[in-house]
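Take a look at the structure below.
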Amino acid sequence: MAKKEKFYTVWKGKRPGIYTTWNDCKAAISGYRGAQYKSFSTFDAAKKAYNGNYDDFKGKKKVGSELTQEQLLKIGRPNYHSISVDAASSGNPGIMEYQGVDTKTGKKLFKQGPFEEGTNNIGEFLAIVHGLAFLKEQKSDRIIYTDSRTAMSWVRKRTCNTKLKETSKNRVLFDLIRRALQWLKSNTYDTPIVKWETKAWGEIPADFGRK
């Protein structure tokens, strides 16, 4: 999955403003007590937030949409009879973890990691398979939201097409991948796996909020 472009609004810091990289944002807030900042998916959203009040955005993953009303009507609203999954990786490869949450409440349903060496795509793949197994065990008819088309494709093809090589450092993770692949080959499921519409709905509720 391609790295998402982000813009960073700093309301309070050594240098308030809007930044296009996390490193620049970090330099503007590092060491500043009570710094106020947040990331956005578009420059317009970041600019609108900067001209507003930090308290209106604090702790919120969904910060509105930059789409037109017509586009929003076409996409519709999220189906809250669902769970959402996501992964986070500090580097590629790097320390990786994934989780699943209730889409409506944000309640954490499962979490795995951190793993010493992994990739975001692997985490997204494992999160979907974990979600499928979780819902099947619960006999739930909820759907799964993910923001990774790559992971959706891997699950659909019952493969994990990662370029990461197995080593003693990541063997635990590869054991988990093998278990996930075996589950896909041994189980059937009716659970729809649906792409989360980030541009319309904001960050997926399972997002780790990493910069």
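Identifiers for the structure tokens are assigned positionally: chains receive A, B, ... in sequence, residues are indexed from 1 per chain, and ligands are indexed from 1 in the order shown.
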I'd like a table as CSV: residues in segment 107-192 of chain A with an atom no more than 6 Å from segment 73-90 of chain A, each row giving the shortest atom pair and its distance in Å to one decimal, only C-alpha atoms counted, sorted by chain and rising residue number.
```
residue,atom,partner,partner_atom,distance
A:Thr119,CA,A:Ser89,CA,5.9
A:Asn120,CA,A:Ser89,CA,5.2
A:Gly123,CA,A:Ala87,CA,5.1
A:Glu124,CA,A:Ala87,CA,5.2
A:Ala127,CA,A:Val85,CA,5.8
A:Arg142,CA,A:Ser82,CA,4.6
A:Ile143,CA,A:Ser82,CA,4.6
A:Ile144,CA,A:Ile83,CA,5.1
A:Tyr145,CA,A:Ser84,CA,4.6
A:Thr146,CA,A:Val85,CA,5.5
```
>> Give me the residues near segment 26-39 of chain A as a ChimeraX atom specification, where near means some atom within 6 Å (using only C-alpha atoms) and where sequence neighbours in that chain fewer than 5 positions away do not count.
In response: /A:7-15
Listing only residues of segment 107-138 of chain A within 7 Å of segment 180-202 of chain A, what is the closest atom pair and its distance in Å (to one decimal) for each, using only C-alpha atoms, sorted by chain and residue number ascending, as a tab-separated table?
```
residue	atom	partner	partner_atom	distance
A:Leu126	CA	A:Ala180	CA	6.7
A:Val129	CA	A:Ala180	CA	6.2
A:Leu132	CA	A:Thr191	CA	6.9
```
>> Let's see if you can do this: from backbone DSSP, list all alpha helix (DSSP H) residues in chain A, as a ChimeraX atom specification.
In response: /A:22-29,43-50,69-75,120-138,149-157,171-186,198-201
>> At a cut-off of 10 Å, using only C-alpha atoms, what residues contact Phe43 of chain A? Leave out same-chain residues fewer than 2 positions from it and give the result as a list in words.
In response: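 The neighbour list is Glu5, Lys6, Phe7, Tyr8, Thr9, Ile18, Tyr19, Thr20, Ser39, Phe40, Ser41, Ala45, Ala46, Lys47, Lys48, Ala49 and Glu66 of chain A.
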> If you measure from atom CA of Ala206 of chain A to atom CA of Ser168 of chain A, what distance in Å do you get, rounded to one decimal?
Replying inline: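 Separating atom CA of Ala206 of chain A from atom CA of Ser168 of chain A is a distance of 29.4 Å.
Interatomic distance, atom CA of Val155 of chain A against atom CA of Gly209 of chain A: 24.5 Å.
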